[in-house]
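Pasted below: my_file02.pdb, PDB, C-alpha atoms, pLDDT in the B column.
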MODEL        1
ATOM      1  CA  MET A   1       0.000   0.000   0.000  1.00 55.00           C
ATOM      2  CA  PRO A   2       1.471   3.441  -0.901  1.00 63.00           C
ATOM      3  CA  HIS A   3       2.505   5.477   2.112  1.00 68.00           C
ATOM      4  CA  ASN A   4       0.028   8.264   1.272  1.00 73.00           C
ATOM      5  CA  ALA A   5      -2.969   5.940   0.761  1.00 78.00           C
ATOM      6  CA  LEU A   6      -5.926   6.279   3.126  1.00 76.00           C
ATOM      7  CA  ASP A   7      -6.216   3.491   5.677  1.00 74.00           C
ATOM      8  CA  PHE A   8      -9.869   2.465   6.069  1.00 71.00           C
ATOM      9  CA  ARG A   9      -9.207  -0.527   8.329  1.00 72.00           C
ATOM     10  CA  HIS A  10     -10.066   1.475  11.459  1.00 67.00           C
ATOM     11  CA  ARG A  11     -13.180   3.113  10.042  1.00 64.00           C
ATOM     12  CA  ALA A  12     -15.357   0.071  10.763  1.00 64.00           C
ATOM     13  CA  GLN A  13     -14.723   0.503  14.490  1.00 67.00           C
ATOM     14  CA  LEU A  14     -16.420   3.902  14.614  1.00 64.00           C
ATOM     15  CA  ILE A  15     -20.051   4.199  15.699  1.00 67.00           C
ATOM     16  CA  GLU A  16     -22.309   5.728  13.067  1.00 67.00           C
ATOM     17  CA  ARG A  17     -24.541   8.437  14.453  1.00 66.00           C
ATOM     18  CA  MET A  18     -27.378   7.376  12.128  1.00 64.00           C
ATOM     19  CA  ASP A  19     -27.427   3.954  13.801  1.00 70.00           C
ATOM     20  CA  GLU A  20     -27.994   5.344  17.299  1.00 75.00           C
ATOM     21  CA  PRO A  21     -31.475   5.739  18.772  1.00 84.00           C
ATOM     22  CA  CYS A  22     -32.897   9.208  18.159  1.00 84.00           C
ATOM     23  CA  SER A  23     -36.167  11.052  17.981  1.00 89.00           C
ATOM     24  CA  ARG A  24     -38.190  11.355  14.800  1.00 90.00           C
ATOM     25  CA  GLU A  25     -37.341  15.068  14.668  1.00 92.00           C
ATOM     26  CA  GLN A  26     -33.585  14.378  14.894  1.00 88.00           C
ATOM     27  CA  LEU A  27     -33.775  11.801  12.117  1.00 84.00           C
ATOM     28  CA  ARG A  28     -35.810  14.126   9.879  1.00 90.00           C
ATOM     29  CA  ALA A  29     -33.309  16.952  10.470  1.00 91.00           C
ATOM     30  CA  CYS A  30     -30.411  14.664   9.609  1.00 86.00           C
ATOM     31  CA  LEU A  31     -32.101  13.437   6.411  1.00 87.00           C
ATOM     32  CA  ARG A  32     -32.882  17.052   5.456  1.00 92.00           C
ATOM     33  CA  ASP A  33     -29.195  17.910   5.870  1.00 92.00           C
ATOM     34  CA  ILE A  34     -28.176  14.956   3.691  1.00 88.00           C
ATOM     35  CA  ALA A  35     -30.679  16.009   1.007  1.00 90.00           C
ATOM     36  CA  ARG A  36     -29.345  19.581   1.129  1.00 94.00           C
ATOM     37  CA  LEU A  37     -25.748  18.418   0.730  1.00 92.00           C
ATOM     38  CA  ASN A  38     -26.722  16.152  -2.162  1.00 89.00           C
ATOM     39  CA  ARG A  39     -28.273  19.169  -3.906  1.00 91.00           C
ATOM     40  CA  TRP A  40     -25.291  21.447  -3.185  1.00 93.00           C
ATOM     41  CA  PHE A  41     -22.755  18.916  -4.475  1.00 92.00           C
ATOM     42  CA  MET A  42     -25.043  17.666  -7.277  1.00 90.00           C
ATOM     43  CA  ALA A  43     -24.607  14.099  -6.039  1.00 87.00           C
ATOM     44  CA  TYR A  44     -27.657  12.980  -7.999  1.00 84.00           C
ATOM     45  CA  ARG A  45     -26.097  13.779 -11.395  1.00 89.00           C
ATOM     46  CA  PRO A  46     -23.983  10.601 -11.781  1.00 88.00           C
ATOM     47  CA  VAL A  47     -27.024   8.441 -11.027  1.00 83.00           C
ATOM     48  CA  LEU A  48     -29.225  10.309 -13.503  1.00 84.00           C
ATOM     49  CA  HIS A  49     -26.480  10.172 -16.122  1.00 88.00           C
ATOM     50  CA  TRP A  50     -26.159   6.407 -15.641  1.00 87.00           C
ATOM     51  CA  LEU A  51     -29.939   5.922 -15.802  1.00 86.00           C
ATOM     52  CA  ASN A  52     -30.146   7.889 -19.049  1.00 85.00           C
ATOM     53  CA  ALA A  53     -27.465   5.626 -20.534  1.00 87.00           C
ATOM     54  CA  VAL A  54     -28.926   2.314 -19.285  1.00 85.00           C
ATOM     55  CA  VAL A  55     -32.699   2.739 -19.252  1.00 84.00           C
ATOM     56  CA  PRO A  56     -34.337   3.533 -22.594  1.00 80.00           C
ATOM     57  CA  PRO A  57     -36.775   6.469 -22.554  1.00 78.00           C
ATOM     58  CA  SER A  58     -40.357   5.373 -22.009  1.00 80.00           C
ATOM     59  CA  GLU A  59     -43.771   6.856 -21.339  1.00 80.00           C
ATOM     60  CA  VAL A  60     -44.119   4.515 -18.363  1.00 82.00           C
ATOM     61  CA  PRO A  61     -42.739   6.027 -15.141  1.00 83.00           C
ATOM     62  CA  LEU A  62     -39.672   4.344 -13.702  1.00 82.00           C
ATOM     63  CA  CYS A  63     -39.818   3.489  -9.992  1.00 84.00           C
ATOM     64  CA  ILE A  64     -36.542   3.190  -8.098  1.00 82.00           C
ATOM     65  CA  LEU A  65     -36.130   1.763  -4.625  1.00 83.00           C
ATOM     66  CA  ASP A  66     -32.981   2.988  -2.897  1.00 77.00           C
ATOM     67  CA  VAL A  67     -32.082   0.582  -0.108  1.00 78.00           C
ATOM     68  CA  GLY A  68     -29.096   1.664   1.896  1.00 68.00           C
ATOM     69  CA  CYS A  69     -27.323  -0.008   4.762  1.00 56.00           C
ATOM     70  CA  GLY A  70     -24.391   1.070   6.822  1.00 48.00           C
TER
ENDMDL
END
What is this file in structure tokens?
Amino acid sequence: MPHNALDFRHRAQLIERMDEPCSREQLRACLRDIARLNRWFMAYRPVLHWLNAVVPPSEVPLCILDVGCG
């Protein structure tokens, strides 16, 4: 491994804040922040670009289920 490479071996030992118990309001605020950052950094663009290349245009709406896990 190059000496300047990031070492992710220790990352798995950290506790994710999203996995801790919280109130509905805290979770909604966190998800709002994530949505805001995705808009600011245009994080949706690569996905939309990929979809335009893979899925042919159609008059039928496309439904996408985004299942994430830590």
Around all the atoms of region 24-36 of chain A listed in the file, with 4 Å of room on each side, what axis-aligned box do you get, giving centre and edge lengths in Å to one decimal, as JSON?
{"center_x": -33.2, "center_y": 15.5, "center_z": 8.0, "size_x": 18.0, "size_y": 16.2, "size_z": 21.9}
Q | Atomic separation - CA of Ile64 (chain A) relative to CA of Leu51 (chain A), Å | A | 10.5 Å
Q | Two-atom distance - CA of Leu65 (chain A), CA of Arg36 (chain A) (Å) | A |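 Atom-to-atom, CA of Leu65 (chain A) and CA of Arg36 (chain A) are spaced 19.9 Å apart.
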